[in-house]
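Coordinates as given in structure28.txt (compact mmCIF, C-alpha atoms):
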```
# COMPACT_ATOMS: atom_id res chain seq x y z
CA MET D 14 -24.27 8.73 13.11
CA HIS D 15 -22.93 5.17 13.08
CA THR D 16 -21.08 2.96 10.64
CA LEU D 17 -20.28 -0.70 10.08
CA ALA D 18 -16.51 -1.16 10.28
CA VAL D 19 -13.78 -3.79 10.36
CA ILE D 20 -12.45 -3.75 13.92
CA LEU D 21 -9.18 -5.38 14.94
CA GLU D 22 -9.77 -6.15 18.61
CA GLY D 23 -6.27 -7.56 19.02
CA PRO D 24 -3.78 -9.70 17.08
CA GLU D 25 -5.69 -12.14 14.88
CA ARG D 26 -9.00 -11.07 16.45
CA LEU D 27 -11.24 -9.35 13.93
CA ALA D 28 -14.89 -8.37 14.04
CA LEU D 29 -17.32 -6.54 11.82
CA GLY D 30 -19.20 -4.21 14.11
CA GLU D 31 -21.02 -0.93 14.48
CA LEU D 32 -19.12 2.16 15.64
CA GLU D 33 -20.24 5.66 16.45
CA LEU D 34 -18.81 8.34 14.18
CA ASN D 35 -17.53 11.69 15.36
CA PRO D 36 -19.65 14.74 14.43
CA VAL D 37 -19.22 16.23 10.97
CA GLY D 38 -17.32 19.51 11.07
CA PRO D 39 -17.77 22.44 8.67
CA ASN D 40 -14.85 21.28 6.50
CA ASP D 41 -15.56 17.54 6.71
CA VAL D 42 -17.09 15.23 4.13
CA VAL D 43 -19.04 12.00 4.64
CA VAL D 44 -18.02 9.23 2.25
CA GLU D 45 -20.00 6.08 1.55
CA ILE D 46 -17.32 3.51 0.79
CA ALA D 47 -17.68 1.08 -2.11
CA TRP D 48 -14.41 -0.87 -1.87
CA SER D 49 -11.55 -1.17 0.62
CA GLY D 50 -8.21 -2.80 -0.13
CA ILE D 51 -6.35 -4.96 2.39
CA SER D 52 -2.63 -4.17 2.64
CA SER D 53 -0.45 -7.27 2.87
CA GLY D 54 2.31 -5.12 4.41
CA THR D 55 1.25 -2.77 7.20
CA GLU D 56 -2.11 -4.43 7.84
CA LYS D 57 -0.46 -7.83 8.12
CA LEU D 58 1.73 -6.39 10.89
CA LEU D 59 -1.39 -5.11 12.65
CA TRP D 60 -3.03 -8.53 12.24
CA THR D 61 -0.05 -10.44 13.65
CA GLY D 62 0.69 -7.91 16.40
CA GLN D 63 4.15 -7.19 14.97
CA MET D 64 3.54 -3.54 14.09
CA PRO D 65 6.37 -1.42 15.55
CA ASP D 66 5.51 1.44 17.87
CA PHE D 67 3.62 3.82 15.62
CA PRO D 68 1.57 6.98 16.31
CA GLY D 69 -2.00 5.94 17.03
CA MET D 70 -1.12 2.29 17.60
CA GLY D 71 -3.34 0.33 19.97
CA TYR D 72 -6.42 -1.90 19.97
CA PRO D 73 -9.28 -1.85 19.17
CA LEU D 74 -8.54 -0.20 15.86
CA VAL D 75 -10.01 0.21 12.40
CA PRO D 76 -7.34 -0.60 9.79
CA GLY D 77 -7.07 0.39 6.16
CA TYR D 78 -5.89 3.25 3.98
CA GLU D 79 -7.10 2.10 0.56
CA SER D 80 -10.78 2.93 0.14
CA VAL D 81 -12.86 4.50 -2.62
CA GLY D 82 -16.42 5.76 -2.58
CA ARG D 83 -18.77 8.68 -3.01
CA ILE D 84 -19.20 11.83 -0.92
CA VAL D 85 -22.83 11.72 0.25
CA ASP D 86 -22.86 14.59 2.73
CA ALA D 87 -20.58 17.44 3.79
CA GLY D 88 -20.07 20.22 6.28
CA LYS D 89 -21.39 23.69 5.52
CA ASP D 90 -18.11 24.95 4.03
CA VAL D 91 -17.64 22.09 1.52
CA THR D 92 -21.17 21.19 0.38
CA LYS D 93 -20.16 21.59 -3.28
CA ARG D 94 -18.21 18.32 -3.02
CA VAL D 95 -21.31 16.16 -2.51
CA GLY D 96 -21.51 13.57 -5.30
CA GLU D 97 -17.76 13.33 -5.99
CA TRP D 98 -16.07 9.94 -6.29
CA VAL D 99 -12.96 9.95 -4.11
CA PHE D 100 -10.03 7.98 -2.78
CA VAL D 101 -9.83 7.89 1.02
CA PRO D 102 -6.36 7.30 2.54
CA GLY D 103 -7.79 6.57 5.99
CA SER D 104 -9.73 8.40 8.67
CA ASN D 105 -9.76 8.98 12.41
CA CYS D 106 -13.48 9.45 12.86
CA PHE D 107 -14.49 6.77 15.37
CA ALA D 108 -15.67 7.53 18.87
CA ASP D 109 -14.96 4.04 20.25
CA ALA D 110 -11.91 2.79 18.30
CA ARG D 111 -8.58 4.05 17.05
CA GLY D 112 -8.29 4.96 13.40
CA LEU D 113 -5.06 3.24 12.33
CA PHE D 114 -5.41 3.81 9.54
CA GLY D 115 -9.17 3.95 9.74
CA GLY D 116 -10.33 3.44 6.17
CA THR D 117 -12.08 0.06 6.25
CA ALA D 118 -15.67 1.02 7.05
CA ARG D 119 -18.96 1.51 5.22
CA THR D 120 -19.15 5.23 6.03
CA LEU D 121 -16.30 7.59 6.91
CA VAL D 122 -15.99 11.19 8.05
CA LEU D 123 -12.78 13.01 7.16
CA PRO D 124 -11.46 16.47 6.30
CA SER D 125 -12.39 17.48 2.77
CA ALA D 126 -8.73 17.98 1.83
CA ARG D 127 -8.01 14.29 2.47
CA ALA D 128 -10.75 13.04 0.13
CA MET D 129 -9.00 12.98 -3.23
CA PRO D 130 -10.99 12.87 -6.49
CA VAL D 131 -10.28 9.82 -8.66
CA PRO D 132 -12.02 8.54 -11.81
CA GLU D 133 -15.03 6.41 -10.94
CA ARG D 134 -14.35 4.30 -14.03
CA LEU D 135 -11.40 2.72 -12.18
CA GLY D 136 -13.91 0.77 -10.09
CA SER D 137 -12.28 -1.38 -7.42
CA ASP D 138 -8.86 -0.73 -9.02
CA GLY D 139 -9.14 2.71 -7.43
CA VAL D 140 -8.05 1.22 -4.10
CA LEU D 141 -4.58 0.80 -5.66
CA CYS D 142 -4.06 4.57 -5.77
CA ALA D 143 -2.13 4.62 -2.48
CA LEU D 144 0.24 1.84 -3.54
CA CYS D 145 0.72 3.42 -6.98
CA ALA D 146 1.53 6.77 -5.41
CA THR D 147 3.82 5.11 -2.84
CA ALA D 148 5.76 3.37 -5.59
CA LEU D 149 6.00 6.54 -7.64
CA HIS D 150 7.09 8.55 -4.59
CA ALA D 151 9.98 6.11 -4.12
CA ILE D 152 11.03 6.43 -7.76
CA ASN D 153 10.68 10.21 -7.72
CA GLY D 154 13.03 10.40 -4.74
CA GLY D 155 16.03 8.73 -6.39
CA ALA D 156 17.29 6.81 -9.39
CA ALA D 157 14.80 4.43 -11.01
CA PRO D 158 15.39 0.80 -10.02
CA ASP D 159 17.30 -1.64 -12.15
CA LEU D 160 16.65 -4.41 -9.59
CA ILE D 161 13.45 -4.83 -7.55
CA ILE D 162 13.09 -7.36 -4.73
CA GLY D 163 9.61 -8.88 -4.54
CA HIS D 164 6.92 -9.42 -7.17
CA GLY D 165 3.89 -8.65 -5.06
CA VAL D 166 1.66 -5.70 -5.92
CA LEU D 167 4.19 -3.06 -4.81
CA GLY D 168 7.01 -4.75 -6.73
CA ARG D 169 4.86 -5.01 -9.85
CA LEU D 170 3.86 -1.36 -9.58
CA LEU D 171 7.49 -0.31 -9.16
CA ALA D 172 8.38 -2.27 -12.30
CA ARG D 173 5.45 -0.93 -14.33
CA LEU D 174 6.08 2.65 -13.20
CA THR D 175 9.78 2.37 -14.01
CA ILE D 176 8.88 1.54 -17.59
CA ALA D 177 6.01 4.07 -17.68
CA THR D 178 8.35 6.89 -16.68
CA GLY D 179 10.77 6.06 -19.50
CA ALA D 180 13.51 4.21 -17.60
CA PRO D 181 14.91 0.86 -18.79
CA ALA D 182 13.01 -2.25 -17.73
CA PRO D 183 14.23 -3.57 -14.35
CA THR D 184 14.97 -7.09 -13.19
CA VAL D 185 12.72 -8.45 -10.42
CA TRP D 186 13.63 -11.13 -7.90
CA GLU D 187 10.86 -13.33 -6.49
CA LYS D 188 11.20 -16.41 -4.23
CA SER D 189 7.63 -17.68 -4.57
CA ALA D 190 6.97 -19.68 -7.73
CA ALA D 191 3.30 -18.69 -7.47
CA ARG D 192 4.23 -15.02 -7.96
CA CYS D 193 6.70 -15.27 -10.82
CA ASP D 194 4.07 -14.88 -13.54
CA GLY D 195 2.46 -11.64 -14.62
CA SER D 196 5.47 -9.60 -15.70
CA ALA D 197 4.83 -6.88 -18.25
CA GLY D 198 7.97 -6.05 -20.23
CA TYR D 199 10.50 -6.97 -17.54
CA THR D 200 12.24 -10.13 -16.32
CA VAL D 201 11.33 -12.00 -13.13
CA THR D 202 13.98 -14.36 -11.77
CA THR D 203 15.50 -15.51 -8.48
CA ALA D 204 18.57 -14.30 -6.62
CA GLU D 205 20.19 -17.70 -7.19
CA ALA D 206 19.71 -17.50 -10.96
CA ASP D 207 21.04 -13.93 -11.22
CA ALA D 208 24.82 -13.61 -11.34
CA ARG D 209 24.87 -9.84 -11.80
CA ARG D 210 26.77 -7.76 -9.19
CA ASP D 211 26.79 -4.30 -10.68
CA TYR D 212 23.29 -2.98 -10.01
CA ARG D 213 23.24 0.76 -9.57
CA SER D 214 19.79 1.11 -7.95
CA ILE D 215 18.11 -1.68 -5.97
CA TYR D 216 14.60 -1.32 -4.51
CA ASP D 217 13.44 -3.70 -1.81
CA ALA D 218 9.67 -4.26 -1.82
CA SER D 219 9.81 -7.47 0.20
CA GLY D 220 9.85 -6.05 3.73
CA ASP D 221 12.61 -8.53 4.62
CA ALA D 222 14.83 -6.80 7.20
CA GLY D 223 17.55 -9.44 6.78
CA ILE D 224 18.20 -8.92 3.10
CA LEU D 225 20.58 -5.94 3.15
CA ASP D 226 23.87 -7.87 3.16
CA GLU D 227 22.77 -9.76 0.03
CA LEU D 228 21.79 -6.52 -1.69
CA VAL D 229 25.01 -4.70 -0.81
CA GLY D 230 26.89 -7.50 -2.52
CA ARG D 231 24.91 -6.90 -5.70
CA LEU D 232 25.64 -3.16 -5.93
CA THR D 233 28.08 -1.44 -8.20
CA LYS D 234 30.45 0.95 -6.39
CA GLY D 235 28.47 3.99 -5.25
CA GLY D 236 25.16 2.23 -5.85
CA GLU D 237 21.99 2.86 -3.86
CA ILE D 238 19.53 0.64 -1.99
CA THR D 239 16.01 1.99 -1.48
CA LEU D 240 13.91 0.49 1.30
CA ALA D 241 10.41 0.70 -0.16
CA GLY D 242 8.74 -1.87 2.08
CA PHE D 243 7.68 -1.65 5.72
CA TYR D 244 9.87 -3.46 8.25
CA SER D 245 8.87 -4.92 11.62
CA SER D 246 12.40 -5.93 12.63
CA ARG D 247 15.49 -3.85 13.24
CA ILE D 248 17.57 -3.45 10.08
CA ASN D 249 21.27 -4.38 10.33
CA PHE D 250 24.04 -4.82 7.81
CA ALA D 251 27.76 -5.57 7.77
CA PHE D 252 29.66 -2.30 7.52
CA ALA D 253 32.83 -3.44 5.73
CA PRO D 254 31.16 -4.60 2.46
CA ALA D 255 29.01 -1.45 2.40
CA PHE D 256 32.14 0.64 3.03
CA MET D 257 33.95 -1.02 0.13
CA LYS D 258 31.00 -0.36 -2.17
CA GLU D 259 30.46 3.20 -0.87
CA ALA D 260 26.83 2.16 -0.69
CA HIS D 261 23.97 4.64 -0.33
CA LEU D 262 20.86 3.73 1.69
CA ARG D 263 17.54 5.50 1.20
CA VAL D 264 14.15 5.09 2.88
CA ALA D 265 11.02 5.86 0.86
CA ALA D 266 8.18 7.11 3.05
CA GLU D 267 4.60 8.22 2.50
CA TRP D 268 3.30 9.41 -0.84
CA GLN D 269 2.25 13.02 -1.30
CA PRO D 270 -0.68 14.51 -3.25
CA TYR D 271 1.56 15.35 -6.21
CA ASP D 272 2.53 11.66 -6.47
CA LEU D 273 -1.15 10.73 -6.71
CA ALA D 274 -1.75 13.41 -9.34
CA GLN D 275 1.14 12.08 -11.41
CA THR D 276 -0.11 8.51 -10.96
CA LEU D 277 -3.59 9.43 -12.21
CA ALA D 278 -2.06 11.21 -15.21
CA LEU D 279 -0.09 8.07 -16.11
CA ILE D 280 -3.25 5.96 -15.81
CA ASP D 281 -5.27 8.41 -17.93
CA SER D 282 -2.59 8.47 -20.63
CA GLY D 283 -2.42 4.67 -20.77
CA GLY D 284 1.17 4.64 -19.56
CA LEU D 285 0.28 2.74 -16.38
CA ASP D 286 -1.94 -0.35 -16.53
CA LEU D 287 -3.44 -1.70 -13.29
CA ALA D 288 -4.77 -4.91 -14.85
CA GLY D 289 -4.18 -8.15 -12.97
CA LEU D 290 -3.11 -6.60 -9.66
CA ILE D 291 -6.37 -7.21 -7.78
CA THR D 292 -6.88 -10.96 -7.69
CA ASP D 293 -9.59 -11.40 -5.04
CA HIS D 294 -12.84 -9.72 -4.00
CA SER D 295 -14.82 -10.53 -0.88
CA PRO D 296 -18.06 -9.16 0.59
CA ALA D 297 -17.22 -7.02 3.60
CA SER D 298 -19.48 -9.30 5.63
CA ARG D 299 -16.83 -12.02 5.21
CA ALA D 300 -13.92 -9.87 6.33
CA ALA D 301 -12.96 -12.38 9.03
CA GLU D 302 -12.18 -14.89 6.27
CA ALA D 303 -10.75 -12.38 3.78
CA TYR D 304 -8.02 -11.02 6.06
CA PRO D 305 -6.24 -14.34 6.77
CA GLN D 306 -6.49 -15.25 3.09
CA ALA D 307 -4.97 -11.93 2.05
CA PHE D 308 -1.96 -12.58 4.29
CA SER D 309 -1.37 -16.31 3.78
CA ASP D 310 -2.47 -17.26 0.26
CA PRO D 311 0.44 -16.79 -2.20
CA ASP D 312 -2.04 -16.71 -5.08
CA CYS D 313 -3.78 -13.69 -3.53
CA LEU D 314 -1.92 -10.59 -4.68
CA LYS D 315 -4.54 -8.12 -3.52
CA MET D 316 -7.79 -8.63 -1.63
CA VAL D 317 -10.57 -6.05 -1.89
CA LEU D 318 -13.64 -5.84 0.38
CA ASP D 319 -16.95 -4.99 -1.31
CA TRP D 320 -19.26 -2.87 0.88
CA SER D 321 -22.19 -2.84 -1.55
CA GLU D 322 -24.31 -5.28 0.49
CA ALA D 323 -23.33 -3.94 3.91
CA ALA D 324 -26.17 -2.48 5.92
```
Would you mind writing the file out in structure tokens?
Amino acid sequence: MHTLAVILEGPERLALGELELNPVGPNDVVVEIAWSGISSGTEKLLWTGQMPDFPGMGYPLVPGYESVGRIVDAGKDVTKRVGEWVFVPGSNCFADARGLFGGTARTLVLPSARAMPVPERLGSDGVLCALCATALHAINGGAAPDLIIGHGVLGRLLARLTIATGAPAPTVWEKSAARCDGSAGYTVTTAEADARRDYRSIYDASGDAGILDELVGRLTKGGEITLAGFYSSRINFAFAPAFMKEAHLRVAAEWQPYDLAQTLALIDSGGLDLAGLITDHSPASRAAEAYPQAFSDPDCLKMVLDWSEAA
């Protein structure tokens, strides 16, 4: 069995090509993908060649961990799942390429347990499930943010989830004028326009490794900074100011299935609205144009590839 897939052959070298798929095991499912999201964080690092040493890293690779589609076939032990609409957080099913994270292809083979049912009515918004669950995992691990750095999709989800879970509306900092619009019940401003220096819980969603000294200066004594982005550079900070503030530093890692379940419950209840987060759609056949746009266009919050016309 073969599939059409996005293949990163090296930094800034992308092709859409055919790959052989590994055999389907008794507990595997075969998913025909409808939409794949492009991550402007981790996938940008893969695109630029700045991804830190990471398990499975190397070229050629199939990127992506934000795909949704339908189970069209399954191994003998999981045949009852055929027909389900699922979210796919990546796959490692390619005979001739690495799967890091392996979700951006027309057809995928993966263990049944990793194919997570989501409502089909979400349409292409379903690709946001990973980011939603990532944001919620960060919030579930500590105090809800009262300051968020970055008003991209992750920053917006952190802000929306903070309100959806009953915490007070946070402040959001954003440097790009093109991304200051679109707030929903919270304030978006700049660091320069914000004089406050008593934040108790600051979440960085910018991925800027050089921002910690600024954030430490904005904490109240005993406050916490959560690193919710993904960082290509070594993170350093001045010890004395952090010592004086008795600052706490926390790293938010991968989401877990219970985070996704809670996210879907918030969506179903109307507490979490995903409107306006996906700004661009592109046919998968034009992936070579879509990827650079997703990483360089400030008006592009989230790019989604449409596999409907892919052979």
Mind dumping a table of every segment 45-97 of chain D residue within 8 Å of segment 139-157 of chain D, with the nearest atom pair and its distance in Å to one decimal, using all atoms listed in the file, sorted by chain and rising number, as a tab-separated table?
```
residue	atom	partner	partner_atom	distance
D:Trp48	CA	D:Val140	CA	7.1
D:Ser49	CA	D:Val140	CA	6.3
D:Gly50	CA	D:Val140	CA	5.7
D:Tyr78	CA	D:Ala143	CA	7.6
D:Glu79	CA	D:Val140	CA	4.8
D:Ser80	CA	D:Val140	CA	5.3
D:Val81	CA	D:Val140	CA	6.0
```
Within 10 Å of Leu160 of chain D, counting only C-alpha atoms, which residues qualify if same-chain residues fewer than 4 places away don't, as a PDB file with C-alpha atoms, in the frame of the given file?
```
ATOM      1  CA  ALA D 172       8.380  -2.270 -12.300  1.00  0.00           C
ATOM      2  CA  ALA D 182      13.010  -2.250 -17.730  1.00  0.00           C
ATOM      3  CA  PRO D 183      14.230  -3.570 -14.350  1.00  0.00           C
ATOM      4  CA  THR D 184      14.970  -7.090 -13.190  1.00  0.00           C
ATOM      5  CA  VAL D 185      12.720  -8.450 -10.420  1.00  0.00           C
ATOM      6  CA  TRP D 186      13.630 -11.130  -7.900  1.00  0.00           C
ATOM      7  CA  THR D 200      12.240 -10.130 -16.320  1.00  0.00           C
ATOM      8  CA  VAL D 201      11.330 -12.000 -13.130  1.00  0.00           C
ATOM      9  CA  TYR D 212      23.290  -2.980 -10.010  1.00  0.00           C
ATOM     10  CA  ARG D 213      23.240   0.760  -9.570  1.00  0.00           C
ATOM     11  CA  SER D 214      19.790   1.110  -7.950  1.00  0.00           C
ATOM     12  CA  ILE D 215      18.110  -1.680  -5.970  1.00  0.00           C
ATOM     13  CA  TYR D 216      14.600  -1.320  -4.510  1.00  0.00           C
ATOM     14  CA  ASP D 217      13.440  -3.700  -1.810  1.00  0.00           C
ATOM     15  CA  LEU D 228      21.790  -6.520  -1.690  1.00  0.00           C
ATOM     16  CA  ARG D 231      24.910  -6.900  -5.700  1.00  0.00           C
ATOM     17  CA  LEU D 232      25.640  -3.160  -5.930  1.00  0.00           C
ATOM     18  CA  ILE D 238      19.530   0.640  -1.990  1.00  0.00           C
TER      19      ILE D 238
END
```
Near segment 246-258 of chain D, 10 Å: segment 40-114 of chain D residue rows, closest pairs, only C-alpha atoms, as JSON lines:
```
{"residue": "D:Gln63", "atom": "CA", "partner": "D:Ser246", "partner_atom": "CA", "distance": 8.7}
{"residue": "D:Met64", "atom": "CA", "partner": "D:Ser246", "partner_atom": "CA", "distance": 9.3}
{"residue": "D:Pro65", "atom": "CA", "partner": "D:Ser246", "partner_atom": "CA", "distance": 8.1}
```
**Report entry** Separation of atom CA of Leu123 of chain D from atom CA of Ser321 of chain D in Å
**Finding:** 20.4 Å
Query raised in the report: Of the residues D:Val264, D:Cys193, D:Val85, D:Leu59, which is the one nearest to Glu25 of chain D, using all atoms listed in the file?
Result: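 Ranking D:Val264, D:Cys193, D:Val85, D:Leu59 by distance to Glu25 of chain D, first place goes to D:Leu59.
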Report summary line: Shortest contact to Glu133 of chain D, candidates D:Ala110, D:Ala208, D:Leu277, D:Val91, atoms counted all atoms listed in the file, goes to D:Leu277
Report task. Tell me which protein, DNA and RNA residues are within 8 Å of Gly163 of chain D, counting only C-alpha atoms, leaving out same-chain ones fewer than 2 positions away, and put them as a VMD selection string. Result -> chain D and resid 161 165 167 to 168 185 to 188 217 to 219
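The list of residues with at least one atom within 7 Å of Val95 of chain D, based on only C-alpha atoms and without residues fewer than 3 positions apart in the same chain, reads Ile84, Val85, Asp86, Ala87 and Thr92 of chain D.
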Report task. Would you list the residues near (-16.0, 15.1, 14.9) (no more than 9 Å away, in the coordinates of the file, using all atoms listed in the file) as a ChimeraX atom specification? Result -> /D:34-38,41,106-108,122-123
Requested in this report: Pick out the closest residue to Asp90 of chain D from this set: D:Gly236, D:Gly220, D:Pro124, D:Gly289. Count only C-alpha atoms.
Outcome: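 Using only C-alpha atoms, Asp90 of chain D sits closest to D:Pro124.
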